[in-house]
$ cat query_37.csv   # CSV, C-alpha atoms
chain,number,residue,atom,x,y,z
M,1,MET,CA,-122.6,147.7,7.3
M,2,LYS,CA,-123.2,151.0,5.6
M,3,HIS,CA,-125.9,153.3,7.0
M,4,ASN,CA,-127.4,156.6,6.1
M,5,PHE,CA,-126.9,158.8,9.2
M,6,GLU,CA,-128.9,161.7,8.0
M,7,ASN,CA,-131.9,160.5,10.0
M,8,LEU,CA,-129.9,161.0,13.1
M,9,HIS,CA,-130.4,164.7,13.1
M,10,THR,CA,-134.2,164.3,13.1
M,11,ILE,CA,-133.7,162.2,16.2
M,12,PHE,CA,-131.4,164.7,17.9
M,13,ASP,CA,-133.7,167.7,17.1
M,14,LYS,CA,-136.6,166.0,19.0
M,15,TYR,CA,-134.8,166.3,22.3
M,16,PRO,CA,-133.1,169.0,24.4
M,17,LYS,CA,-129.3,168.9,24.0
M,18,SER,CA,-128.5,167.7,27.5
M,19,GLN,CA,-127.4,164.6,29.3
M,20,GLU,CA,-131.0,163.8,30.3
M,21,SER,CA,-131.9,163.1,26.7
M,22,LEU,CA,-129.3,160.4,26.3
M,23,ILE,CA,-131.4,157.3,26.9
M,24,ALA,CA,-134.3,158.6,24.9
M,25,ILE,CA,-132.0,159.3,21.9
M,26,LEU,CA,-130.4,155.9,22.2
M,27,GLN,CA,-133.8,154.3,22.2
M,28,ASP,CA,-134.7,156.1,19.1
M,29,ILE,CA,-131.5,155.1,17.4
M,30,GLN,CA,-132.0,151.5,18.4
M,31,LYS,CA,-135.5,151.6,16.9
M,32,GLU,CA,-134.3,153.2,13.7
M,33,TYR,CA,-131.3,150.9,13.0
M,34,GLN,CA,-132.2,147.8,15.2
M,35,TYR,CA,-128.9,148.4,17.0
M,36,LEU,CA,-126.5,151.2,18.0
M,37,PRO,CA,-123.9,151.8,15.3
M,38,CYS,CA,-120.6,153.1,16.5
M,39,GLU,CA,-120.9,156.3,14.4
M,40,ALA,CA,-124.3,157.0,15.9
M,41,LEU,CA,-122.8,156.8,19.4
M,42,GLU,CA,-120.0,159.1,18.5
M,43,GLN,CA,-122.4,161.6,17.0
M,44,THR,CA,-124.7,161.4,20.1
M,45,SER,CA,-121.7,162.1,22.4
M,46,GLU,CA,-120.8,165.1,20.3
M,47,VAL,CA,-124.3,166.6,20.0
M,48,LEU,CA,-125.1,166.1,23.7
M,49,ASP,CA,-121.6,167.1,24.9
M,50,VAL,CA,-121.6,163.9,26.9
M,51,PRO,CA,-118.3,161.9,27.0
M,52,LEU,CA,-118.2,158.9,24.7
M,53,SER,CA,-117.2,156.7,27.6
M,54,THR,CA,-120.5,157.6,29.3
M,55,VAL,CA,-122.5,157.0,26.2
M,56,PHE,CA,-120.8,153.6,25.9
M,57,SER,CA,-121.4,152.8,29.5
M,58,VAL,CA,-125.1,153.5,29.2
M,59,SER,CA,-125.5,151.6,26.0
M,60,THR,CA,-123.8,148.5,27.4
M,61,PHE,CA,-125.8,148.7,30.7
M,62,TYR,CA,-129.3,148.1,29.3
M,63,ASN,CA,-130.2,144.9,27.6
M,64,SER,CA,-132.6,146.7,25.3
M,65,PHE,CA,-129.6,148.2,23.6
M,66,SER,CA,-127.5,146.2,21.2
M,67,LEU,CA,-124.1,147.2,19.8
M,68,THR,CA,-124.2,144.5,17.0
M,69,ALA,CA,-126.5,144.5,14.1
M,70,LYS,CA,-129.6,142.4,14.6
M,71,GLY,CA,-131.8,140.6,12.1
M,72,GLU,CA,-135.1,141.8,10.7
M,73,LYS,CA,-137.0,139.6,13.1
M,74,ILE,CA,-135.9,138.9,16.7
M,75,ILE,CA,-136.9,135.6,18.1
M,76,LYS,CA,-137.0,135.5,21.9
M,77,VAL,CA,-137.2,132.2,23.6
M,78,CYS,CA,-138.4,132.6,27.2
M,79,THR,CA,-136.5,130.6,29.7
M,80,GLY,CA,-138.2,132.0,32.8
M,81,THR,CA,-139.2,129.4,35.5
M,82,ALA,CA,-142.5,128.4,33.9
M,83,CYS,CA,-141.2,128.1,30.4
M,84,HIS,CA,-138.1,126.3,31.6
M,85,ILE,CA,-140.2,123.7,33.3
M,86,ARG,CA,-142.3,123.2,30.2
M,87,GLY,CA,-139.3,122.7,27.9
M,88,ALA,CA,-137.9,126.0,26.8
M,89,LYS,CA,-134.5,124.4,26.4
M,90,LEU,CA,-135.9,122.0,23.8
M,91,LEU,CA,-137.3,124.9,21.8
M,92,GLN,CA,-134.0,126.8,22.0
M,93,ASP,CA,-132.1,123.7,20.8
M,94,GLN,CA,-134.6,123.2,17.9
M,95,LEU,CA,-134.3,126.9,16.9
M,96,GLU,CA,-130.5,126.8,17.1
M,97,THR,CA,-130.3,123.7,14.9
M,98,HIS,CA,-132.9,125.0,12.5
M,99,LEU,CA,-131.4,128.5,12.1
M,100,LYS,CA,-127.9,127.2,12.4
M,101,ILE,CA,-127.0,129.9,14.9
M,102,LYS,CA,-126.5,130.0,18.7
M,103,ALA,CA,-128.5,132.1,21.1
M,104,GLY,CA,-127.5,135.8,20.8
M,105,GLU,CA,-126.4,135.4,17.2
M,106,THR,CA,-127.9,136.5,13.9
M,107,THR,CA,-128.4,134.4,10.7
M,108,GLU,CA,-126.1,135.2,7.8
M,109,ASP,CA,-129.0,136.6,5.7
M,110,MET,CA,-129.8,139.0,8.5
M,111,LYS,CA,-133.4,137.7,8.7
M,112,PHE,CA,-133.4,136.4,12.3
M,113,THR,CA,-131.7,137.0,15.6
M,114,LEU,CA,-132.2,134.4,18.3
M,115,GLU,CA,-132.3,135.6,21.9
M,116,VAL,CA,-132.9,133.9,25.2
M,117,VAL,CA,-134.8,136.0,27.7
M,118,ALA,CA,-135.9,135.5,31.2
M,119,CYS,CA,-139.7,135.8,31.6
M,120,VAL,CA,-141.8,137.8,29.2
M,121,GLY,CA,-144.7,137.9,31.6
M,122,ALA,CA,-146.9,135.3,29.9
M,123,CYS,CA,-146.2,132.3,32.1
M,124,ALA,CA,-149.8,131.0,31.8
M,125,MET,CA,-149.1,130.1,28.2
M,126,ALA,CA,-145.6,128.6,28.7
M,127,PRO,CA,-143.5,127.8,26.9
M,128,VAL,CA,-143.4,131.1,25.1
M,129,VAL,CA,-141.6,132.2,21.9
M,130,VAL,CA,-141.8,135.8,20.8
M,131,VAL,CA,-141.3,136.3,17.1
M,132,GLY,CA,-141.0,140.0,16.3
M,133,ASP,CA,-143.9,141.5,18.2
M,134,LYS,CA,-146.0,138.4,18.2
M,135,TYR,CA,-146.3,136.1,21.3
M,136,HIS,CA,-146.7,132.4,20.6
M,137,GLY,CA,-147.9,130.3,23.6
M,138,SER,CA,-147.8,126.6,24.3
M,139,VAL,CA,-145.2,126.2,21.6
M,140,LYS,CA,-144.3,122.6,20.7
M,141,VAL,CA,-141.0,121.6,19.2
M,142,SER,CA,-142.8,120.5,16.1
M,143,ARG,CA,-144.2,124.0,15.6
M,144,VAL,CA,-140.8,125.8,15.8
M,145,LYS,CA,-140.1,125.4,12.1
M,146,LYS,CA,-143.5,127.0,11.2
M,147,LEU,CA,-142.7,130.0,13.5
M,148,VAL,CA,-139.6,130.9,11.6
M,149,LYS,CA,-141.0,130.1,8.2
M,150,ALA,CA,-142.8,133.4,7.7
M,151,LYS,CA,-139.8,134.9,5.9
C,1,MET,CA,-117.8,172.8,64.5
C,2,ILE,CA,-119.4,169.7,66.0
C,3,HIS,CA,-118.1,167.0,68.3
C,4,ILE,CA,-118.2,163.3,67.7
C,5,THR,CA,-116.7,160.4,69.7
C,6,ILE,CA,-114.4,158.0,67.8
C,7,ASN,CA,-113.3,154.9,69.7
C,8,GLY,CA,-113.9,156.7,73.0
C,9,LYS,CA,-112.1,159.9,72.1
C,10,VAL,CA,-114.0,163.1,71.6
C,11,VAL,CA,-112.9,164.9,68.4
C,12,GLN,CA,-113.8,168.0,66.5
C,13,ALA,CA,-115.3,167.8,63.0
C,14,LYS,CA,-117.0,170.0,60.5
C,15,ASP,CA,-120.8,169.5,60.2
C,16,GLY,CA,-121.5,167.3,57.2
C,17,GLU,CA,-117.9,166.2,56.7
C,18,MET,CA,-117.7,162.5,55.9
C,19,LEU,CA,-116.8,160.2,58.9
C,20,LEU,CA,-113.9,158.6,57.0
C,21,THR,CA,-112.2,162.0,56.6
C,22,VAL,CA,-112.4,162.6,60.4
C,23,ILE,CA,-111.2,159.1,61.1
C,24,ARG,CA,-108.2,159.4,58.8
C,25,ARG,CA,-107.4,162.8,60.3
C,26,GLU,CA,-107.3,161.1,63.7
C,27,LYS,CA,-104.8,158.7,62.2
C,28,ILE,CA,-107.0,155.7,62.8
C,29,ASP,CA,-106.4,152.9,60.4
C,30,VAL,CA,-109.6,151.9,58.6
C,31,PRO,CA,-109.0,149.9,55.4
C,32,THR,CA,-110.4,151.1,52.1
C,33,LEU,CA,-109.9,150.0,48.5
C,34,CYS,CA,-112.1,152.4,46.6
C,35,HIS,CA,-111.4,155.7,48.4
C,36,HIS,CA,-109.4,158.6,47.0
C,37,GLU,CA,-109.6,162.0,48.7
C,38,ALA,CA,-109.6,163.8,45.4
C,39,VAL,CA,-112.8,162.2,44.0
C,40,GLU,CA,-116.4,161.7,45.2
C,41,PRO,CA,-116.7,158.8,47.6
C,42,SER,CA,-118.8,155.9,46.2
C,43,GLY,CA,-119.0,153.3,49.0
C,44,ALA,CA,-118.1,150.5,46.6
C,45,CYS,CA,-115.6,148.4,48.5
C,46,ARG,CA,-117.6,148.4,51.8
C,47,LEU,CA,-114.5,148.0,53.9
C,48,CYS,CA,-114.7,151.4,55.6
C,49,MET,CA,-117.8,150.2,57.5
C,50,VAL,CA,-118.0,151.5,61.1
C,51,GLU,CA,-120.4,151.1,63.9
C,52,ILE,CA,-122.4,154.2,64.9
C,53,THR,CA,-124.7,155.0,67.7
C,54,LYS,CA,-126.1,157.9,69.7
C,55,PRO,CA,-127.1,158.0,73.4
C,56,GLU,CA,-130.7,158.6,72.5
C,57,TRP,CA,-130.8,155.5,70.2
C,58,ASP,CA,-131.3,153.3,73.3
C,59,GLY,CA,-128.4,151.0,72.6
C,60,TRP,CA,-129.3,150.5,69.0
C,61,CYS,CA,-126.4,150.6,66.5
C,62,ASP,CA,-126.0,151.0,62.8
C,63,TYR,CA,-123.3,149.9,60.4
C,64,VAL,CA,-122.5,152.4,57.7
C,65,THR,CA,-119.8,153.0,55.1
C,66,SER,CA,-117.9,155.9,56.8
C,67,CYS,CA,-116.8,157.4,53.4
C,68,LEU,CA,-120.5,158.2,52.7
C,69,TYR,CA,-121.8,159.0,56.2
C,70,PRO,CA,-121.8,162.6,57.2
C,71,ALA,CA,-120.6,163.5,60.7
C,72,ALA,CA,-123.3,164.8,63.0
C,73,ASP,CA,-123.1,166.2,66.5
C,74,GLY,CA,-123.0,163.7,69.3
C,75,LEU,CA,-122.4,160.7,67.1
C,76,ILE,CA,-120.5,157.8,68.7
C,77,VAL,CA,-118.3,155.9,66.3
C,78,ASN,CA,-116.5,152.6,66.8
C,79,THR,CA,-114.1,151.7,64.0
C,80,HIS,CA,-113.0,148.3,65.3
C,81,ALA,CA,-116.0,147.0,67.2
C,82,LYS,CA,-116.2,143.2,67.2
C,83,LYS,CA,-119.1,143.2,64.7
C,84,VAL,CA,-117.3,145.7,62.5
C,85,ASN,CA,-114.3,143.4,62.3
C,86,GLU,CA,-116.5,140.4,61.6
C,87,LEU,CA,-118.2,142.3,58.8
C,88,ARG,CA,-114.9,143.3,57.3
C,89,SER,CA,-113.5,139.8,57.4
C,90,SER,CA,-116.6,138.4,55.7
C,91,ILE,CA,-116.4,141.0,53.0
C,92,LEU,CA,-112.6,140.2,52.6
C,93,ASP,CA,-113.5,136.6,52.5
C,94,MET,CA,-115.7,137.2,49.5
C,95,TYR,CA,-113.0,139.4,47.9
C,96,LEU,CA,-110.5,136.5,48.4
C,97,ALA,CA,-112.9,134.1,46.7
C,98,ARG,CA,-113.2,136.3,43.7
C,99,HIS,CA,-109.6,137.4,43.4
C,100,PRO,CA,-107.5,134.6,45.1
C,101,LYS,CA,-104.4,135.6,43.2
C,102,SER,CA,-104.3,139.3,44.1
C,103,PRO,CA,-101.4,139.9,46.5
C,104,GLU,CA,-103.1,143.2,47.8
C,105,ILE,CA,-106.3,141.4,48.6
C,106,ARG,CA,-104.5,138.5,50.2
C,107,GLN,CA,-102.5,140.8,52.4
C,108,LEU,CA,-105.5,142.8,53.5
C,109,ALA,CA,-107.5,139.6,54.2
C,110,ALA,CA,-104.7,138.2,56.2
C,111,GLU,CA,-104.7,141.3,58.4
C,112,TYR,CA,-108.3,140.5,59.2
C,113,GLY,CA,-107.5,136.8,59.9
C,114,VAL,CA,-108.8,135.5,56.6
C,115,LEU,CA,-106.1,133.2,55.2
C,116,LYS,CA,-108.3,131.0,53.1
C,117,THR,CA,-111.7,131.8,51.7
C,118,GLN,CA,-114.7,129.6,52.8
C,119,PHE,CA,-116.3,130.1,49.4
C,120,GLU,CA,-115.4,128.5,46.1
C,121,GLU,CA,-112.5,130.3,44.5
C,122,VAL,CA,-112.9,131.9,41.1
C,123,VAL,CA,-110.3,130.2,39.1
C,124,ASP,CA,-110.1,132.2,35.9
C,125,GLY,CA,-110.9,135.6,37.3
C,126,ASP,CA,-108.9,138.8,37.1
C,127,ASN,CA,-107.8,141.1,39.8
C,128,CYS,CA,-110.2,144.0,39.0
C,129,ILE,CA,-112.5,144.5,42.0
C,130,LEU,CA,-114.7,146.9,40.0
C,131,CYS,CA,-114.4,149.6,42.7
C,132,GLY,CA,-114.5,152.3,40.0
C,133,ILE,CA,-111.6,154.4,41.4
C,134,CYS,CA,-110.0,154.5,38.0
C,135,THR,CA,-113.1,155.7,36.2
C,136,ARG,CA,-113.9,158.3,38.9
C,137,ILE,CA,-110.4,159.7,38.8
C,138,CYS,CA,-110.4,159.8,35.0
C,139,ASP,CA,-113.8,161.7,35.1
C,140,THR,CA,-112.6,164.1,37.8
C,141,MET,CA,-109.5,164.9,35.9
C,142,GLY,CA,-111.8,165.7,33.0
C,143,PHE,CA,-110.6,163.1,30.4
C,144,HIS,CA,-113.5,160.6,30.6
C,145,ALA,CA,-111.4,158.1,28.8
C,146,ILE,CA,-112.6,154.9,30.5
C,147,SER,CA,-115.9,153.9,32.1
C,148,MET,CA,-117.8,150.9,33.5
C,149,VAL,CA,-119.0,148.7,30.6
C,150,GLY,CA,-121.8,146.2,30.8
C,151,ARG,CA,-123.3,144.9,34.0
C,152,GLY,CA,-123.7,142.0,36.3
C,153,HIS,CA,-121.1,139.2,35.6
C,154,GLY,CA,-119.9,140.9,32.4
C,155,LYS,CA,-119.1,144.2,34.0
C,156,GLU,CA,-115.7,145.6,33.4
C,157,VAL,CA,-113.7,148.8,33.1
C,158,ALA,CA,-113.0,149.6,29.5
C,159,PRO,CA,-112.5,152.4,27.0
C,160,PRO,CA,-115.5,153.3,24.8
C,161,LEU,CA,-116.2,150.8,21.9
C,162,ASN,CA,-113.3,148.7,23.3
C,163,MET,CA,-110.9,150.7,21.1
C,164,ALA,CA,-107.9,152.8,22.0
C,165,PRO,CA,-109.5,155.8,23.7
C,166,THR,CA,-109.0,159.1,21.9
C,167,ALA,CA,-109.7,161.0,25.2
C,168,CYS,CA,-106.8,159.3,27.1
C,169,VAL,CA,-103.6,161.3,27.4
C,170,GLY,CA,-101.6,158.6,29.2
C,171,CYS,CA,-101.4,160.3,32.6
C,172,LEU,CA,-101.3,156.8,34.3
C,173,SER,CA,-103.6,158.1,37.1
C,174,CYS,CA,-105.9,155.1,36.7
C,175,ALA,CA,-103.1,152.5,36.9
C,176,LYS,CA,-101.2,154.2,39.7
C,177,ASN,CA,-104.4,154.5,41.9
C,178,CYS,CA,-105.7,151.0,41.2
C,179,PRO,CA,-105.9,149.2,44.6
C,180,THR,CA,-105.0,145.9,43.1
C,181,ASN,CA,-102.6,147.1,40.4
C,182,TYR,CA,-104.8,145.5,37.8
C,183,ILE,CA,-104.5,148.1,35.1
C,184,GLU,CA,-101.6,147.1,32.8
C,185,TYR,CA,-99.3,149.5,31.0
C,186,ASN,CA,-96.1,149.1,29.3
C,187,MET,CA,-93.3,151.7,29.4
C,188,GLU,CA,-90.3,150.9,27.2
C,189,ASN,CA,-88.2,152.3,24.4
C,190,GLY,CA,-89.3,155.9,25.2
C,191,GLY,CA,-93.0,155.1,24.8
C,192,LEU,CA,-96.0,154.1,26.8
C,193,THR,CA,-98.9,151.8,26.0
C,194,ILE,CA,-102.0,151.8,28.1
C,195,TRP,CA,-105.6,150.9,27.2
C,196,LYS,CA,-104.2,149.6,23.8
C,197,LYS,CA,-103.1,153.2,23.0
C,198,ASP,CA,-99.5,154.1,22.2
C,199,PHE,CA,-97.9,157.3,23.5
C,200,GLU,CA,-94.7,159.0,22.8
C,201,MET,CA,-92.9,160.2,25.9
C,202,VAL,CA,-91.2,163.5,26.4
C,203,ALA,CA,-87.5,163.0,27.0
C,204,CYS,CA,-85.5,165.2,29.3
C,205,THR,CA,-83.3,167.6,27.2
C,206,GLU,CA,-80.5,167.3,29.7
C,207,CYS,CA,-80.2,163.6,30.6
C,208,GLY,CA,-82.6,161.9,28.2
C,209,LYS,CA,-84.8,160.3,30.9
C,210,THR,CA,-88.4,160.2,29.9
C,211,THR,CA,-90.9,162.2,31.9
C,212,ILE,CA,-94.6,162.3,30.9
C,213,THR,CA,-96.4,161.6,27.6
C,214,LYS,CA,-96.4,164.2,24.9
C,215,GLU,CA,-100.2,164.4,25.0
C,216,PHE,CA,-100.2,165.0,28.7
C,217,ALA,CA,-97.6,167.7,28.5
C,218,GLU,CA,-99.6,169.4,25.7
C,219,TYR,CA,-102.8,169.1,27.8
C,220,LEU,CA,-101.2,170.6,30.9
C,221,SER,CA,-99.5,173.5,29.1
C,222,LYS,CA,-102.8,174.3,27.2
C,223,ASN,CA,-105.2,173.9,30.1
C,224,ARG,CA,-103.2,174.5,33.2
C,225,ASP,CA,-101.1,177.4,31.8
C,226,ILE,CA,-97.7,175.7,32.4
C,227,ASN,CA,-94.9,176.5,29.9
C,228,ILE,CA,-94.4,173.4,27.8
C,229,ASP,CA,-90.6,173.8,28.3
C,230,TYR,CA,-91.1,172.8,31.9
C,231,PHE,CA,-91.8,169.2,30.9
C,232,ARG,CA,-88.7,169.0,28.7
C,233,LYS,CA,-86.6,168.5,31.8
C,234,CYS,CA,-87.0,165.6,34.3
C,235,ASP,CA,-87.4,166.2,38.1
C,236,GLU,CA,-83.8,165.5,38.8
C,237,CYS,CA,-82.5,168.0,36.2
C,238,HIS,CA,-85.0,170.5,37.5
C,239,ARG,CA,-83.6,170.1,41.0
C,240,LYS,CA,-80.0,170.3,39.7
C,241,GLU,CA,-80.9,173.5,37.9
C,242,LEU,CA,-82.6,174.8,41.1
C,243,ALA,CA,-79.4,174.2,43.1
C,244,GLY,CA,-77.4,176.2,40.5
C,245,THR,CA,-79.9,179.1,40.6
C,246,MET,CA,-80.0,179.2,44.4
C,247,GLY,CA,-76.2,179.0,44.5
C,248,ARG,CA,-75.9,182.0,42.1
C,249,ILE,CA,-78.5,184.0,44.2
C,250,SER,CA,-76.5,183.4,47.4
C,251,ASN,CA,-73.3,184.4,45.6
C,252,TRP,CA,-75.0,187.7,44.5
C,253,ASP,CA,-76.0,188.3,48.1
C,254,ARG,CA,-72.5,187.7,49.3
C,255,GLU,CA,-71.0,190.0,46.7
C,256,ALA,CA,-73.6,192.7,47.5
C,257,ARG,CA,-72.7,192.5,51.2
C,258,SER,CA,-68.9,192.7,50.7
$ encode --input "query_37.csv" --output "structure tokens"
Amino acid sequence: MKHNFENLHTIFDKYPKSQESLIAILQDIQKEYQYLPCEALEQTSEVLDVPLSTVFSVSTFYNSFSLTAKGEKIIKVCTGTACHIRGAKLLQDQLETHLKIKAGETTEDMKFTLEVVACVGACAMAPVVVVGDKYHGSVKVSRVKKLVKAK
Amino acid sequence: MIHITINGKVVQAKDGEMLLTVIRREKIDVPTLCHHEAVEPSGACRLCMVEITKPEWDGWCDYVTSCLYPAADGLIVNTHAKKVNELRSSILDMYLARHPKSPEIRQLAAEYGVLKTQFEEVVDGDNCILCGICTRICDTMGFHAISMVGRGHGKEVAPPLNMAPTACVGCLSCAKNCPTNYIEYNMENGGLTIWKKDFEMVACTECGKTTITKEFAEYLSKNRDINIDYFRKCDECHRKELAGTMGRISNWDREARS
């Protein structure tokens, strides 16, 4: 995928050029591109004078960073204890068949990424599916199609 | 200088010096997998665990990793107390479950009486114990070519972006210091391949034997102020040359005296 990396400098300029800024910068890059492109990691390493191996180590450590491009909307199926009990697996299966991808993958048209997460902190409304920023509670298998329809 | 007691013997130590350093100086055998005197201790392998106590602790003991515990005056250390040995064998038991094929782990475990693990063996595992000695050595040497990647079950040692690391000079320090000899490299036809990166070796101008990689020779001559010609001869030819030089010097001496 081709990107315009000019915006990177606006991100770099926001923070002091030291190792302490690494995570903040990676978070901003993640927000800007939805993932961490290789070129951006290389530039970050150069600008902050932090070894590329360290940058890579940090970006693979946190789950909030992704090294592969993600879809416009990220669908998170909660499989925490409460959601698991109330049928999260069925929702996951339904989403996987409907989107024709497995958990952790992105649809070919780059519209959706399906993720499985453990507990989003809304156990009272289990099972929970988060589409983009929106939380959907007490989701039924029959409602799954509707959730991903908003294309 | 302070005094500590190790296995009943009073020994001298510097204040703040790590216990393992003192123990090793006293030639006491404490097993370690992740320790290297040249790099910062990390306490990853947990095998250097010892029992410590002080008279004023009223019989209370603590179990600490000696590589990370600073010596303090009056400390009483037991490197092979019954409980310490038990701790070590249960740690080795877990190592054996995770790396059943590693000859190094099997030998060490056998020394502590663990011949077969009581846990379920990992069948398709590798021999990397994730002690991080390779990454710490690489960082200390200043190359930063490899690091710990990922976390939890997926954690592994890898070069950035899983591609041949530009920062690697092929010094082989990681592979040669790996406690389980897990890091693979291939040295044939006058070349070296490690971390999927290919290197050209410097060949001895006298006998043709390969010495170190071109990149490493260039790095050393540039950063450590060593004439690059030094690396164009292998150790053996350096020694032969030295013998010749020394012989000539003693001949001059003899001539001067006569």
$ residues_around --input "query_37.csv" --residues "segment 89-92 of chain M" --least-positions-apart "2" --cutoff "10 Å" --atoms "all atoms listed in the file" --output "ChimeraX atom specification"
/M:76-79,83-87,94-98,102-103,114-116,127-129,139-144
$ closest_atom_pairs --input "query_37.csv" --of "chain C" --to "chain M" --cutoff "6 Å" --atoms "all atoms listed in the file" --output "CSV"
residue,atom,partner,partner_atom,distance
C:Ile146,CA,M:Ser53,CA,5.7
C:Ser147,CA,M:Ser53,CA,5.5
C:Met148,CA,M:Ser57,CA,5.7
C:Val149,CA,M:Ser57,CA,4.9
C:Gly150,CA,M:Thr60,CA,4.6
C:Arg151,CA,M:Phe61,CA,5.6
C:Pro160,CA,M:Ser53,CA,4.7
$ residues_around --input "query_37.csv" --residues "Ala109 of chain C" --least-positions-apart "4" --cutoff "10 Å" --atoms "all atoms listed in the file" --output "PyMOL selection string"
chain C and resi 88-96+103-105+113-117
$ write_last_selection --input "query_37.csv" --atoms "C-alpha atoms" --output "mmCIF file, in the coordinates of the input"
data_model
loop_
_atom_site.group_PDB
_atom_site.id
_atom_site.type_symbol
_atom_site.label_atom_id
_atom_site.label_comp_id
_atom_site.auth_asym_id
_atom_site.auth_seq_id
_atom_site.Cartn_x
_atom_site.Cartn_y
_atom_site.Cartn_z
ATOM 1 C CA ARG C 88 -114.900 143.300 57.300
ATOM 2 C CA SER C 89 -113.500 139.800 57.400
ATOM 3 C CA SER C 90 -116.600 138.400 55.700
ATOM 4 C CA ILE C 91 -116.400 141.000 53.000
ATOM 5 C CA LEU C 92 -112.600 140.200 52.600
ATOM 6 C CA ASP C 93 -113.500 136.600 52.500
ATOM 7 C CA MET C 94 -115.700 137.200 49.500
ATOM 8 C CA TYR C 95 -113.000 139.400 47.900
ATOM 9 C CA LEU C 96 -110.500 136.500 48.400
ATOM 10 C CA PRO C 103 -101.400 139.900 46.500
ATOM 11 C CA GLU C 104 -103.100 143.200 47.800
ATOM 12 C CA ILE C 105 -106.300 141.400 48.600
ATOM 13 C CA GLY C 113 -107.500 136.800 59.900
ATOM 14 C CA VAL C 114 -108.800 135.500 56.600
ATOM 15 C CA LEU C 115 -106.100 133.200 55.200
ATOM 16 C CA LYS C 116 -108.300 131.000 53.100
ATOM 17 C CA THR C 117 -111.700 131.800 51.700
#
$ residues_around --input "query_37.csv" --residues "Asp229 of chain C" --least-positions-apart "2" --cutoff "12 Å" --atoms "all atoms listed in the file" --output "PDB file with C-alpha atoms, in the coordinates of the input"
ATOM      1  CA  VAL C 202     -91.200 163.500  26.400  1.00  0.00           C
ATOM      2  CA  ALA C 203     -87.500 163.000  27.000  1.00  0.00           C
ATOM      3  CA  CYS C 204     -85.500 165.200  29.300  1.00  0.00           C
ATOM      4  CA  THR C 205     -83.300 167.600  27.200  1.00  0.00           C
ATOM      5  CA  LYS C 214     -96.400 164.200  24.900  1.00  0.00           C
ATOM      6  CA  ALA C 217     -97.600 167.700  28.500  1.00  0.00           C
ATOM      7  CA  GLU C 218     -99.600 169.400  25.700  1.00  0.00           C
ATOM      8  CA  LEU C 220    -101.200 170.600  30.900  1.00  0.00           C
ATOM      9  CA  SER C 221     -99.500 173.500  29.100  1.00  0.00           C
ATOM     10  CA  ASP C 225    -101.100 177.400  31.800  1.00  0.00           C
ATOM     11  CA  ILE C 226     -97.700 175.700  32.400  1.00  0.00           C
ATOM     12  CA  ASN C 227     -94.900 176.500  29.900  1.00  0.00           C
ATOM     13  CA  PHE C 231     -91.800 169.200  30.900  1.00  0.00           C
ATOM     14  CA  ARG C 232     -88.700 169.000  28.700  1.00  0.00           C
ATOM     15  CA  LYS C 233     -86.600 168.500  31.800  1.00  0.00           C
ATOM     16  CA  CYS C 234     -87.000 165.600  34.300  1.00  0.00           C
ATOM     17  CA  HIS C 238     -85.000 170.500  37.500  1.00  0.00           C
TER      18      HIS C 238
END
$ atom_distance --input "query_37.csv" --atom1 "atom CA of Thr213 of chain C" --atom2 "atom CA of Glu200 of chain C"
5.7 Å
$ residues_around --input "query_37.csv" --residues "Asp126 of chain C" --least-positions-apart "5" --cutoff "10 Å" --atoms "all atoms listed in the file" --output "number ranges by chain"
C: 98-102, 182
$ atom_distance --input "query_37.csv" --atom1 "atom CA of Val130 of chain M" --atom2 "atom CA of Ile74 of chain M"
7.8 Å
$ closest_residue --input "query_37.csv" --among "M:Lys146, M:Lys134, M:His3, M:Lys17" --to "Ala69 of chain M" --atoms "all atoms listed in the file"
M:His3
$ residues_around --input "query_37.csv" --residues "Pro41 of chain C" --least-positions-apart "2" --cutoff "12 Å" --atoms "all atoms listed in the file" --output "PyMOL selection string"
chain C and resi 17-21+32-39+43-46+48+65-70+131-133+136-137+140
$ write_last_selection --input "query_37.csv" --atoms "C-alpha atoms" --output "tab-separated table (two decimals), in the coordinates of the input"
chain	number	residue	atom	x	y	z
C	17	GLU	CA	-117.90	166.20	56.70
C	18	MET	CA	-117.70	162.50	55.90
C	19	LEU	CA	-116.80	160.20	58.90
C	20	LEU	CA	-113.90	158.60	57.00
C	21	THR	CA	-112.20	162.00	56.60
C	32	THR	CA	-110.40	151.10	52.10
C	33	LEU	CA	-109.90	150.00	48.50
C	34	CYS	CA	-112.10	152.40	46.60
C	35	HIS	CA	-111.40	155.70	48.40
C	36	HIS	CA	-109.40	158.60	47.00
C	37	GLU	CA	-109.60	162.00	48.70
C	38	ALA	CA	-109.60	163.80	45.40
C	39	VAL	CA	-112.80	162.20	44.00
C	43	GLY	CA	-119.00	153.30	49.00
C	44	ALA	CA	-118.10	150.50	46.60
C	45	CYS	CA	-115.60	148.40	48.50
C	46	ARG	CA	-117.60	148.40	51.80
C	48	CYS	CA	-114.70	151.40	55.60
C	65	THR	CA	-119.80	153.00	55.10
C	66	SER	CA	-117.90	155.90	56.80
C	67	CYS	CA	-116.80	157.40	53.40
C	68	LEU	CA	-120.50	158.20	52.70
C	69	TYR	CA	-121.80	159.00	56.20
C	70	PRO	CA	-121.80	162.60	57.20
C	131	CYS	CA	-114.40	149.60	42.70
C	132	GLY	CA	-114.50	152.30	40.00
C	133	ILE	CA	-111.60	154.40	41.40
C	136	ARG	CA	-113.90	158.30	38.90
C	137	ILE	CA	-110.40	159.70	38.80
C	140	THR	CA	-112.60	164.10	37.80
$ atom_distance --input "query_37.csv" --atom1 "atom CA of Glu241 of chain C" --atom2 "atom CA of Tyr219 of chain C"
24.5 Å
